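Text of the file final39.txt, holding compact mmCIF, C-alpha atoms:
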# COMPACT_ATOMS: atom_id res chain seq x y z
CA MET A 234 81.27 120.38 129.52
CA SER A 235 82.84 117.12 128.49
CA VAL A 236 85.60 115.68 130.68
CA GLU A 237 88.47 116.60 128.39
CA GLY A 238 86.90 119.98 127.67
CA SER A 239 86.58 120.96 131.29
CA THR A 240 89.89 122.67 131.98
CA ILE A 241 90.26 126.40 131.52
CA GLY A 242 93.60 125.87 129.77
CA HIS A 243 91.85 123.84 127.11
CA GLU A 244 89.33 126.63 126.51
CA VAL A 245 91.99 129.32 126.43
CA ALA A 246 93.89 127.33 123.83
CA LEU A 247 90.75 126.85 121.74
CA VAL A 248 89.92 130.56 121.84
CA GLU A 249 93.47 131.40 120.73
CA LEU A 250 93.26 128.77 118.03
CA VAL A 251 89.95 129.99 116.66
CA ASP A 252 91.19 133.59 116.75
CA ARG A 253 93.96 132.54 114.40
CA VAL A 254 92.68 129.73 112.21
CA LEU A 255 89.35 131.41 111.44
CA ASN A 256 90.41 135.02 111.63
CA LYS A 257 94.01 135.25 110.40
CA GLY A 258 96.27 133.67 107.84
CA VAL A 259 96.39 134.07 104.10
CA VAL A 260 93.02 134.18 102.36
CA LEU A 261 93.11 132.89 98.82
CA SER A 262 90.30 131.90 96.57
CA GLY A 263 90.41 128.21 96.00
CA ASP A 264 87.74 127.16 93.56
CA ILE A 265 85.66 125.72 96.43
CA THR A 266 86.77 128.21 99.06
CA LEU A 267 84.52 129.20 101.91
CA SER A 268 83.60 132.82 101.51
CA VAL A 269 85.35 135.14 103.93
CA ALA A 270 81.98 136.51 104.99
CA ASP A 271 80.78 133.04 105.94
CA VAL A 272 83.91 132.26 107.91
CA ASP A 273 83.69 135.63 109.65
CA LEU A 274 80.10 134.94 110.62
CA VAL A 275 80.93 131.52 112.01
CA TYR A 276 83.97 132.95 113.76
CA VAL A 277 81.88 135.51 115.59
CA GLY A 278 79.29 132.92 116.59
CA LEU A 279 81.91 130.51 117.84
CA ARG A 280 83.68 133.21 119.86
CA VAL A 281 80.49 133.94 121.73
CA LEU A 282 80.01 130.24 122.41
CA LEU A 283 83.58 129.84 123.65
CA ALA A 284 83.40 132.93 125.83
CA SER A 285 80.25 131.73 127.56
CA ALA A 286 81.82 128.29 128.03
CA SER A 287 84.87 129.76 129.73
CA THR A 288 82.65 132.03 131.84
CA LEU A 289 80.85 128.92 133.05
CA ASP A 290 84.19 127.27 133.79
CA ARG A 291 85.27 130.26 135.81
CA LEU A 292 82.04 130.37 137.77
CA ASP A 293 82.34 126.62 138.42
CA GLY A 294 85.77 127.18 139.84
CA GLU A 295 84.72 129.95 142.21
CA MET B 548 65.63 106.79 96.29
CA THR B 549 68.69 107.92 98.25
CA ALA B 550 69.51 111.50 99.01
CA SER B 551 72.42 111.58 96.59
CA ALA B 552 70.61 109.99 93.67
CA GLY B 553 70.33 112.24 90.67
CA ARG B 554 73.31 114.38 91.70
CA PRO B 555 76.51 114.15 89.78
CA ASP B 556 78.90 111.72 91.41
CA GLN B 557 81.27 114.53 92.26
CA GLY B 558 78.66 116.26 94.38
CA SER B 559 78.84 113.82 97.25
CA ARG B 560 81.41 111.14 96.68
CA GLY B 561 84.31 112.90 94.97
CA THR B 562 87.31 114.48 96.63
CA ALA B 563 89.00 117.86 96.53
CA LEU B 564 92.31 119.27 97.78
CA TYR B 565 92.48 121.24 101.01
CA VAL B 566 95.46 123.59 101.26
CA TYR B 567 96.88 124.28 104.75
CA GLY B 568 99.66 126.61 103.77
CA ILE B 569 102.75 127.07 101.67
CA VAL B 570 106.42 126.20 102.15
CA ARG B 571 109.47 126.53 99.91
CA ALA B 572 109.85 123.76 97.38
CA GLY B 573 112.79 121.62 98.40
CA ASP B 574 112.60 122.31 102.15
CA ASP B 575 112.93 119.04 104.03
CA LEU B 576 109.67 118.21 105.80
CA GLY B 577 110.78 114.66 106.53
CA GLY B 578 108.12 112.56 108.22
CA LEU B 579 105.30 115.06 107.77
CA GLU B 580 103.08 112.52 106.00
CA THR B 581 102.90 110.37 109.12
CA ALA B 582 103.11 113.17 111.68
CA THR B 583 99.48 114.19 111.55
CA GLU B 584 96.13 113.47 109.97
CA GLY B 585 94.60 116.68 108.76
CA VAL B 586 90.99 117.64 108.12
CA GLY B 587 90.31 114.90 105.57
CA ALA B 588 89.31 111.57 107.08
CA GLY B 589 92.64 109.72 107.21
CA ALA B 590 94.00 111.10 103.93
CA PRO B 591 97.78 111.65 104.04
CA ILE B 592 99.31 115.13 104.03
CA GLU B 593 101.40 115.75 100.92
CA LEU B 594 103.33 118.48 99.18
CA MET B 595 102.54 119.73 95.68
CA SER B 596 105.22 121.96 94.24
CA ASP B 597 105.48 124.31 91.32
CA GLY B 598 108.49 126.51 90.80
CA GLU B 599 109.93 127.62 94.13
CA LEU B 600 106.83 126.97 96.23
CA ALA B 601 105.08 123.90 97.58
CA ALA B 602 101.54 123.67 98.92
CA ILE B 603 100.80 121.58 102.01
CA VAL B 604 97.82 119.62 100.80
CA GLY B 605 95.44 116.90 101.93
CA GLU B 606 92.59 115.21 100.12
CA VAL B 607 89.14 115.95 101.57
CA PRO B 608 85.79 114.38 100.73
CA LEU B 609 83.35 116.67 98.90
CA ALA B 610 80.75 115.17 101.20
CA ASP B 611 82.30 117.49 103.83
CA PHE B 612 83.95 120.23 101.79
CA GLY B 613 81.77 120.59 98.71
CA GLN B 614 80.76 124.21 98.11
CA GLU B 615 77.27 123.95 99.55
CA VAL B 616 77.88 121.23 102.14
CA VAL B 617 80.73 123.01 103.86
CA MET B 618 78.61 126.10 104.51
CA GLU B 619 76.31 123.87 106.54
CA ARG B 620 79.10 121.91 108.21
CA ILE B 621 80.86 124.98 109.62
CA ARG B 622 77.72 125.91 111.52
CA ASP B 623 78.18 122.77 113.64
CA PRO B 624 80.58 123.85 116.43
CA ALA B 625 81.74 120.29 117.19
CA TRP B 626 82.60 119.65 113.54
CA LEU B 627 84.29 123.00 113.22
CA GLU B 628 86.36 122.53 116.39
CA GLU B 629 87.60 119.16 115.17
CA LYS B 630 88.56 120.54 111.77
CA VAL B 631 90.12 123.73 113.14
CA ARG B 632 92.28 121.64 115.47
CA ALA B 633 93.26 119.36 112.59
CA HIS B 634 94.17 122.36 110.42
CA GLU B 635 96.37 123.70 113.21
CA ALA B 636 97.93 120.27 113.90
CA VAL B 637 99.18 120.01 110.32
CA LEU B 638 100.74 123.48 110.43
CA GLU B 639 102.28 122.83 113.87
CA ALA B 640 103.88 119.68 112.47
CA VAL B 641 105.43 121.79 109.69
CA LEU B 642 106.46 124.72 111.92
CA PRO B 643 109.64 123.20 113.43
CA ARG B 644 110.67 121.79 110.05
CA ALA B 645 110.50 124.75 107.66
CA PRO B 646 109.23 128.33 107.34
CA LEU B 647 105.58 128.36 106.34
CA VAL B 648 102.81 130.72 105.27
CA PRO B 649 99.64 129.59 107.02
CA PHE B 650 96.31 129.78 105.19
CA ARG B 651 93.02 130.63 106.79
CA PHE B 652 90.67 127.70 107.38
CA GLY B 653 88.75 126.42 104.38
CA THR B 654 90.83 126.92 101.24
CA VAL B 655 89.88 124.10 98.89
CA PHE B 656 90.77 123.39 95.25
CA THR B 657 89.19 120.96 92.83
CA ASP B 658 92.40 119.37 91.58
CA GLU B 659 96.17 119.45 91.50
CA GLU B 660 96.31 121.72 88.44
CA GLN B 661 94.34 124.40 90.33
CA VAL B 662 96.75 124.15 93.28
CA ARG B 663 99.75 124.52 90.99
CA ARG B 664 98.21 127.49 89.27
CA MET B 665 97.64 129.14 92.67
CA LEU B 666 101.35 128.59 93.47
CA ARG B 667 102.39 130.17 90.18
CA GLU B 668 100.16 133.18 90.78
CA HIS B 669 101.67 133.79 94.24
CA ASP B 670 105.36 133.26 93.62
CA GLN B 671 106.07 136.44 95.62
CA LEU B 672 105.35 134.36 98.75
CA ARG B 673 108.86 132.98 98.31
CA THR B 674 110.22 136.26 99.74
CA THR B 675 107.81 136.06 102.67
CA LEU B 676 108.99 132.52 103.42
CA ASP B 677 112.64 133.58 103.42
CA GLU B 678 111.80 136.38 105.83
CA LEU B 679 109.94 134.01 108.15
CA GLU B 680 112.84 131.58 108.39
CA GLY B 681 113.80 130.80 112.00
CA THR B 682 110.79 132.53 113.53
CA PHE B 683 107.51 131.65 115.17
CA GLU B 684 104.56 133.57 116.56
CA LEU B 685 103.79 133.99 120.26
CA GLY B 686 100.56 135.45 121.58
CA VAL B 687 100.28 137.60 124.70
CA LYS B 688 97.06 138.82 126.24
CA GLY B 689 96.95 141.11 129.24
CA PHE B 690 94.02 141.46 131.63
CA LEU B 691 93.54 144.02 134.37
CA GLU B 692 92.85 142.43 137.75
CA PRO B 693 89.08 142.84 138.26
CA ASP B 694 89.43 144.11 141.84
CA TRP B 695 92.38 146.39 141.37
CA VAL B 696 91.73 150.03 142.28
CA ALA B 697 94.32 152.68 141.57
CA VAL B 698 92.56 155.46 143.40
CA THR B 699 93.54 156.90 146.76
CA PRO B 700 90.98 158.87 148.79
CA ALA B 701 90.69 162.53 147.85
CA PRO B 702 91.55 165.04 150.63
CA GLY B 703 88.74 165.12 153.17
CA GLU B 704 86.95 162.24 151.54
CA ASP B 705 87.19 160.04 154.63
CA GLU B 706 85.83 162.68 157.01
CA PRO B 707 82.34 162.16 158.40
CA ALA B 708 79.62 163.71 156.27
CA SER B 709 75.88 163.84 155.77
CA ALA B 710 74.15 161.11 153.79
CA GLY B 711 73.85 163.36 150.72
CA THR B 712 77.51 164.35 150.78
CA SER B 713 78.56 160.74 151.29
CA TYR B 714 76.49 159.74 148.30
CA LEU B 715 78.08 162.39 146.11
CA ARG B 716 81.54 161.48 147.29
CA ARG B 717 80.88 157.85 146.51
CA LYS B 718 79.70 158.76 143.02
CA GLN B 719 82.75 160.92 142.42
CA ARG B 720 84.97 158.16 143.68
CA ASP B 721 83.33 155.61 141.36
CA LEU B 722 83.93 157.97 138.49
CA ARG B 723 87.58 158.45 139.38
CA VAL B 724 88.02 154.68 139.74
CA ALA B 725 86.54 154.14 136.29
CA GLU B 726 88.74 156.87 134.79
CA ALA B 727 91.82 155.45 136.48
CA ARG B 728 91.04 152.01 135.08
CA VAL B 729 90.73 153.33 131.55
CA GLU B 730 94.02 155.24 131.92
CA SER B 731 95.79 152.21 133.38
CA LYS B 732 94.49 150.06 130.55
CA LEU B 733 95.80 152.44 127.91
CA SER B 734 99.22 152.97 129.46
CA LEU B 735 99.68 149.33 130.45
CA GLY B 736 98.68 148.18 126.99
CA ALA B 737 101.08 150.52 125.24
CA GLU B 738 103.95 149.87 127.63
CA SER B 739 103.70 146.09 127.65
CA HIS B 740 103.34 145.94 123.88
CA ASP B 741 106.46 148.09 123.46
CA VAL B 742 108.46 145.96 125.89
CA LEU B 743 107.49 142.72 124.12
CA ALA B 744 107.89 144.17 120.63
CA ALA B 745 111.44 145.21 121.48
CA ALA B 746 112.29 141.54 122.03
CA ALA B 747 110.62 140.41 118.80
CA ARG B 748 111.30 140.80 115.09
CA ASP B 749 107.80 142.06 114.39
CA ALA B 750 104.71 142.79 116.45
CA VAL B 751 100.99 143.30 115.97
CA ALA B 752 98.58 144.80 118.51
CA ASN B 753 95.21 143.26 117.71
CA PRO B 754 91.93 144.90 118.72
CA LEU B 755 91.07 144.40 122.37
CA GLN B 756 88.24 141.99 123.06
CA ARG B 757 85.34 142.80 125.31
CA PRO B 758 84.66 140.71 128.43
CA GLU B 759 81.71 139.08 126.61
CA ALA B 760 84.17 137.70 124.10
CA THR B 761 86.92 136.71 126.50
CA GLY B 762 84.73 135.26 129.22
CA ARG B 763 86.98 136.95 131.79
CA SER B 764 85.96 139.51 134.37
CA GLY B 765 89.13 141.58 134.06
CA ASP B 766 89.32 144.08 131.17
CA MET B 767 91.71 143.16 128.39
CA PHE B 768 94.43 145.77 127.83
CA LEU B 769 96.71 143.85 125.47
CA ASN B 770 95.99 141.45 122.61
CA GLY B 771 99.39 141.16 120.99
CA ALA B 772 101.07 138.81 118.54
CA TYR B 773 104.85 138.70 118.28
CA LEU B 774 107.08 137.25 115.61
CA VAL B 775 109.94 135.87 117.66
CA ASP B 776 113.36 134.78 116.42
CA ALA B 777 114.08 131.28 117.65
CA ALA B 778 117.58 132.54 118.47
CA ARG B 779 116.12 135.32 120.69
CA GLU B 780 113.42 133.23 122.33
CA SER B 781 114.89 133.48 125.83
CA GLU B 782 115.08 137.27 125.48
CA PHE B 783 111.36 137.39 124.74
CA HIS B 784 110.54 135.10 127.67
CA LYS B 785 112.61 137.29 129.94
CA ALA B 786 110.74 140.41 128.78
CA PHE B 787 107.47 138.59 129.45
CA ALA B 788 108.57 137.43 132.92
CA ASP B 789 109.72 140.98 133.79
CA LEU B 790 106.31 142.37 132.84
CA GLU B 791 104.54 139.74 134.90
CA ARG B 792 106.68 140.56 137.91
CA ARG B 793 106.45 144.34 137.56
CA TYR B 794 102.66 144.34 137.28
CA ALA B 795 101.88 141.31 139.44
CA GLU B 796 99.38 143.27 141.52
CA LEU B 797 97.31 144.83 138.78
CA ALA B 798 97.51 142.54 135.79
CA THR B 799 97.55 138.99 134.51
CA PHE B 800 99.44 138.10 131.35
CA GLU B 801 98.72 135.05 129.24
CA LEU B 802 101.36 133.64 126.89
CA THR B 803 100.48 131.18 124.10
CA GLY B 804 102.38 129.53 121.29
CA PRO B 805 104.54 128.84 119.43
CA TRP B 806 102.04 129.40 116.64
CA PRO B 807 102.46 129.38 112.87
CA PRO B 808 102.86 133.06 111.87
CA TYR B 809 99.13 133.68 111.26
CA ASN B 810 99.45 137.33 112.26
CA PHE B 811 102.46 138.01 110.07
CA VAL B 812 101.25 137.09 106.62
CA GLU B 813 99.20 139.39 104.43
CA ALA B 814 95.55 138.37 104.64
CA GLU B 815 94.98 138.75 100.91
CA GLY B 816 97.56 136.35 99.64
CA GLY B 817 100.50 138.66 100.18
CA LEU B 818 99.55 140.76 97.19

Exercise: express the given structure as structure tokens:
Amino acid sequence: MSVEGSTIGHEVALVELVDRVLNKGVVLSGDITLSVADVDLVYVGLRVLLASASTLDRLDGE
Amino acid sequence: MTASAGRPDQGSRGTALYVYGIVRAGDDLGGLETATEGVGAGAPIELMSDGELAAIVGEVPLADFGQEVVMERIRDPAWLEEKVRAHEAVLEAVLPRAPLVPFRFGTVFTDEEQVRRMLREHDQLRTTLDELEGTFELGVKGFLEPDWVAVTPAPGEDEPASAGTSYLRRKQRDLRVAEARVESKLSLGAESHDVLAAAARDAVANPLQRPEATGRSGDMFLNGAYLVDAARESEFHKAFADLERRYAELATFELTGPWPPYNFVEAEGGL
């Protein structure tokens, strides 16, 4: 983990952020819009990454 | 020969318009342009209005947000984190200034005319914006303490017994512990959501996330979002503090926000 990324609070905030920005909010079709399916896919991948990062943080702290 | 040679200029060097969300035309967002940077490298945040609505817009390079490029870019977690944070930063700069309808990440239009057309096609969002006035979203997650056990010994369970009986008793006890945890999760989730919802204008209970997704050892029993009236904010915080106190031994609650009302706008453009 990078220095500024090493606090649990930071990870919690990022998880919350990703849960909203990639998973909620109004979906409209711009003419260059990312497809919802693509965003969903990336969202799921990123969640797994974030969860394992915060697991590592927790284990570090124990 | 360079990589971009042969492609139309627009393919790599042009720009497009990224839309963060929508506000009411005429709402005072004073200072927004300088408050934050957005997802486009250094491009100012501006408002484009049509009728009663205005889009919060920033120019983005097609080198990042062109149709094919962006599909690649979003697979880079570092890039995505930076842009997701920038998206949020713009909306958080708007949040205290005016009611807003937040868009999901990645809504991009080719030019101003397309943005204005989108505004005209969604003029019903004006009603949504009026309803959101003076509110913000708070998030609350609840986790069961990993070591908490709600089970007391069954009659006779602690008496000496043969190895086989002890084994069976242990198994039965494990089963009862697991059942008790599931029951506690259900009742705690429902109760805490009700308590918080009563102090909010609107409430959403999102699907619970598994430990693999939360990275926490305690089971999640609440994944709520609450649309809170600014005028009733202290009431909500009191409800939250009461819950924390009441269940201090068996649960941890996590409060986040204020957020733009991501959970309180219709996903499909409010249609």

Query raised in the report: Counting all atoms listed in the file, what is within 7 Å of B:Val655, bar same-chain residues fewer than 6 positions away, as number ranges by chain?
Result: A: 263-266; B: 563-566

Query raised in the report: Within 8 Å of B:Val586, counting only C-alpha atoms, which residues qualify if same-chain residues fewer than 2 places away don't, as a list in words?
Result: Glu584, Ala588, Gly605, Val607, Glu629, Lys630, Val631, Ala633 and His634 of chain B

Requested in this report: Name the closest residue to B:Pro758 among the candidates B:Phe800, B:Leu691, B:Arg716, B:Glu780; distances are taken between atoms, counting all atoms listed in the file.
Outcome: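 Nearest to B:Pro758: B:Leu691.
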
Query raised in the report: Can you tell me how far atom CA of B:Glu813 sits from atom CA of B:Leu755, in Å to one decimal?
Result: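 According to the coordinates, atom CA of B:Glu813 and atom CA of B:Leu755 are separated by 20.3 Å.
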
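Atom pair atom CA of B:Pro808 / atom CA of B:Ala772 has a distance of 9.0 Å (rounded to one decimal).
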
Taking a cut-off of 6 Å and counting all atoms listed in the file, can you build a table that, for each residue of chain B near chain A, reports the nearest atom pair and how far apart they are in Å (one decimal), sorted by chain then residue number, as a Markdown table?
| residue | atom | partner | partner_atom | distance |
| --- | --- | --- | --- | --- |
| B:Gln614 | CA | A:Ile265 | CA | 5.4 |
| B:Pro649 | CA | A:Gly258 | CA | 5.4 |
| B:Phe650 | CA | A:Val259 | CA | 4.4 |
| B:Arg651 | CA | A:Gly258 | CA | 4.6 |
| B:Phe652 | CA | A:Val254 | CA | 5.6 |
| B:Gly653 | CA | A:Leu267 | CA | 5.6 |
| B:Thr654 | CA | A:Thr266 | CA | 4.8 |
| B:Val655 | CA | A:Gly263 | CA | 5.1 |
| B:Phe656 | CA | A:Gly263 | CA | 4.9 |
| B:Ala760 | CA | A:Ala284 | CA | 5.1 |
| B:Thr761 | CA | A:Ala284 | CA | 5.2 |
| B:Gly762 | CA | A:Ala284 | CA | 4.3 |
| B:Tyr809 | CA | A:Gly258 | CA | 4.5 |
| B:Ala814 | CA | A:Val259 | CA | 4.4 |
| B:Glu815 | CA | A:Val260 | CA | 5.2 |
| B:Gly816 | CA | A:Val259 | CA | 5.1 |

Query raised in the report: From the list B:Ala786, B:Val570, B:Leu594, B:Val687, which residue is nearest B:Thr803 when using only C-alpha atoms?
Result: B:Val687

Report summary line: Computed gap from atom CA of B:Lys688 to atom CA of B:Asp741 is 13.5 Å

Counting only C-alpha atoms, what is within 12 Å of B:Ala747, bar same-chain residues fewer than 4 positions away, as a PDB file with C-alpha atoms, in the frame of the given file?
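Result file is part11.pdb:
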ATOM      1  CA  THR B 682     110.790 132.530 113.530  1.00  0.00           C
ATOM      2  CA  PHE B 683     107.510 131.650 115.170  1.00  0.00           C
ATOM      3  CA  GLU B 684     104.560 133.570 116.560  1.00  0.00           C
ATOM      4  CA  LEU B 685     103.790 133.990 120.260  1.00  0.00           C
ATOM      5  CA  GLY B 686     100.560 135.450 121.580  1.00  0.00           C
ATOM      6  CA  HIS B 740     103.340 145.940 123.880  1.00  0.00           C
ATOM      7  CA  ASP B 741     106.460 148.090 123.460  1.00  0.00           C
ATOM      8  CA  VAL B 742     108.460 145.960 125.890  1.00  0.00           C
ATOM      9  CA  LEU B 743     107.490 142.720 124.120  1.00  0.00           C
ATOM     10  CA  VAL B 751     100.990 143.300 115.970  1.00  0.00           C
ATOM     11  CA  GLY B 771      99.390 141.160 120.990  1.00  0.00           C
ATOM     12  CA  ALA B 772     101.070 138.810 118.540  1.00  0.00           C
ATOM     13  CA  TYR B 773     104.850 138.700 118.280  1.00  0.00           C
ATOM     14  CA  LEU B 774     107.080 137.250 115.610  1.00  0.00           C
ATOM     15  CA  VAL B 775     109.940 135.870 117.660  1.00  0.00           C
ATOM     16  CA  ASP B 776     113.360 134.780 116.420  1.00  0.00           C
ATOM     17  CA  ALA B 777     114.080 131.280 117.650  1.00  0.00           C
ATOM     18  CA  ALA B 778     117.580 132.540 118.470  1.00  0.00           C
ATOM     19  CA  ARG B 779     116.120 135.320 120.690  1.00  0.00           C
ATOM     20  CA  GLU B 780     113.420 133.230 122.330  1.00  0.00           C
ATOM     21  CA  SER B 781     114.890 133.480 125.830  1.00  0.00           C
ATOM     22  CA  GLU B 782     115.080 137.270 125.480  1.00  0.00           C
ATOM     23  CA  PHE B 783     111.360 137.390 124.740  1.00  0.00           C
ATOM     24  CA  HIS B 784     110.540 135.100 127.670  1.00  0.00           C
ATOM     25  CA  LYS B 785     112.610 137.290 129.940  1.00  0.00           C
ATOM     26  CA  ALA B 786     110.740 140.410 128.780  1.00  0.00           C
ATOM     27  CA  PHE B 787     107.470 138.590 129.450  1.00  0.00           C
TER      28      PHE B 787
END

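Closest approach to B:Asn810 among B:Ala798, B:Val648, B:Met665, B:Leu672 is made by B:Val648 (distances from only C-alpha atoms).
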
Requested in this report: May I ask which of the residues B:Leu676, B:Arg664, B:Ala727, B:Trp626 is the closest one to B:Ala572, counting all atoms listed in the file?
Outcome: B:Leu676

Kindly complete stretch 242-265 of chain A to N, CA and C atoms; the output should be written as a PDB file, in the coordinates of the input.
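Written output follows (result-v5.pdb):
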ATOM      1  N   GLY A 242      92.486 125.850 130.728  1.00  0.00           N
ATOM      2  CA  GLY A 242      93.600 125.870 129.770  1.00  0.00           C
ATOM      3  C   GLY A 242      93.162 125.406 128.398  1.00  0.00           C
ATOM      4  N   HIS A 243      92.362 124.375 128.367  1.00  0.00           N
ATOM      5  CA  HIS A 243      91.850 123.840 127.110  1.00  0.00           C
ATOM      6  C   HIS A 243      91.032 124.895 126.381  1.00  0.00           C
ATOM      7  N   GLU A 244      90.178 125.610 127.136  1.00  0.00           N
ATOM      8  CA  GLU A 244      89.330 126.630 126.510  1.00  0.00           C
ATOM      9  C   GLU A 244      90.155 127.812 126.030  1.00  0.00           C
ATOM     10  N   VAL A 245      91.121 128.218 126.839  1.00  0.00           N
ATOM     11  CA  VAL A 245      91.990 129.320 126.430  1.00  0.00           C
ATOM     12  C   VAL A 245      92.661 128.967 125.118  1.00  0.00           C
ATOM     13  N   ALA A 246      93.193 127.744 125.043  1.00  0.00           N
ATOM     14  CA  ALA A 246      93.890 127.330 123.830  1.00  0.00           C
ATOM     15  C   ALA A 246      92.939 127.334 122.641  1.00  0.00           C
ATOM     16  N   LEU A 247      91.706 126.898 122.845  1.00  0.00           N
ATOM     17  CA  LEU A 247      90.750 126.850 121.740  1.00  0.00           C
ATOM     18  C   LEU A 247      90.386 128.253 121.265  1.00  0.00           C
ATOM     19  N   VAL A 248      90.218 129.167 122.216  1.00  0.00           N
ATOM     20  CA  VAL A 248      89.920 130.560 121.840  1.00  0.00           C
ATOM     21  C   VAL A 248      91.062 131.129 121.000  1.00  0.00           C
ATOM     22  N   GLU A 249      92.294 130.915 121.461  1.00  0.00           N
ATOM     23  CA  GLU A 249      93.470 131.400 120.730  1.00  0.00           C
ATOM     24  C   GLU A 249      93.514 130.789 119.334  1.00  0.00           C
ATOM     25  N   LEU A 250      93.207 129.513 119.289  1.00  0.00           N
ATOM     26  CA  LEU A 250      93.260 128.770 118.030  1.00  0.00           C
ATOM     27  C   LEU A 250      92.237 129.320 117.036  1.00  0.00           C
ATOM     28  N   VAL A 251      91.018 129.488 117.518  1.00  0.00           N
ATOM     29  CA  VAL A 251      89.950 129.990 116.660  1.00  0.00           C
ATOM     30  C   VAL A 251      90.243 131.410 116.198  1.00  0.00           C
ATOM     31  N   ASP A 252      90.816 132.218 117.121  1.00  0.00           N
ATOM     32  CA  ASP A 252      91.190 133.590 116.750  1.00  0.00           C
ATOM     33  C   ASP A 252      92.171 133.597 115.584  1.00  0.00           C
ATOM     34  N   ARG A 253      92.965 132.570 115.475  1.00  0.00           N
ATOM     35  CA  ARG A 253      93.960 132.540 114.400  1.00  0.00           C
ATOM     36  C   ARG A 253      93.450 131.802 113.161  1.00  0.00           C
ATOM     37  N   VAL A 254      93.014 130.577 113.366  1.00  0.00           N
ATOM     38  CA  VAL A 254      92.680 129.730 112.210  1.00  0.00           C
ATOM     39  C   VAL A 254      91.481 130.273 111.426  1.00  0.00           C
ATOM     40  N   LEU A 255      90.531 130.889 112.137  1.00  0.00           N
ATOM     41  CA  LEU A 255      89.350 131.410 111.440  1.00  0.00           C
ATOM     42  C   LEU A 255      89.428 132.898 111.138  1.00  0.00           C
ATOM     43  N   ASN A 256      90.410 133.559 111.718  1.00  0.00           N
ATOM     44  CA  ASN A 256      90.410 135.020 111.630  1.00  0.00           C
ATOM     45  C   ASN A 256      91.685 135.591 111.030  1.00  0.00           C
ATOM     46  N   LYS A 257      92.725 134.764 110.927  1.00  0.00           N
ATOM     47  CA  LYS A 257      94.010 135.250 110.400  1.00  0.00           C
ATOM     48  C   LYS A 257      94.500 134.288 109.331  1.00  0.00           C
ATOM     49  N   GLY A 258      95.700 134.537 108.862  1.00  0.00           N
ATOM     50  CA  GLY A 258      96.270 133.670 107.840  1.00  0.00           C
ATOM     51  C   GLY A 258      95.908 134.178 106.457  1.00  0.00           C
ATOM     52  N   VAL A 259      96.584 133.620 105.470  1.00  0.00           N
ATOM     53  CA  VAL A 259      96.390 134.070 104.100  1.00  0.00           C
ATOM     54  C   VAL A 259      95.029 133.594 103.573  1.00  0.00           C
ATOM     55  N   VAL A 260      94.302 134.520 102.976  1.00  0.00           N
ATOM     56  CA  VAL A 260      93.020 134.180 102.360  1.00  0.00           C
ATOM     57  C   VAL A 260      93.193 134.162 100.851  1.00  0.00           C
ATOM     58  N   LEU A 261      93.051 133.002 100.275  1.00  0.00           N
ATOM     59  CA  LEU A 261      93.110 132.890  98.820  1.00  0.00           C
ATOM     60  C   LEU A 261      91.811 132.277  98.343  1.00  0.00           C
ATOM     61  N   SER A 262      91.495 132.530  97.100  1.00  0.00           N
ATOM     62  CA  SER A 262      90.300 131.900  96.570  1.00  0.00           C
ATOM     63  C   SER A 262      90.662 130.577  95.927  1.00  0.00           C
ATOM     64  N   GLY A 263      90.379 129.510  96.643  1.00  0.00           N
ATOM     65  CA  GLY A 263      90.410 128.210  96.000  1.00  0.00           C
ATOM     66  C   GLY A 263      89.149 128.146  95.169  1.00  0.00           C
ATOM     67  N   ASP A 264      88.981 127.144  94.331  1.00  0.00           N
ATOM     68  CA  ASP A 264      87.740 127.160  93.560  1.00  0.00           C
ATOM     69  C   ASP A 264      86.555 126.642  94.354  1.00  0.00           C
ATOM     70  N   ILE A 265      86.794 126.095  95.566  1.00  0.00           N
ATOM     71  CA  ILE A 265      85.660 125.720  96.430  1.00  0.00           C
ATOM     72  C   ILE A 265      85.763 126.442  97.762  1.00  0.00           C
TER      73      ILE A 265
END
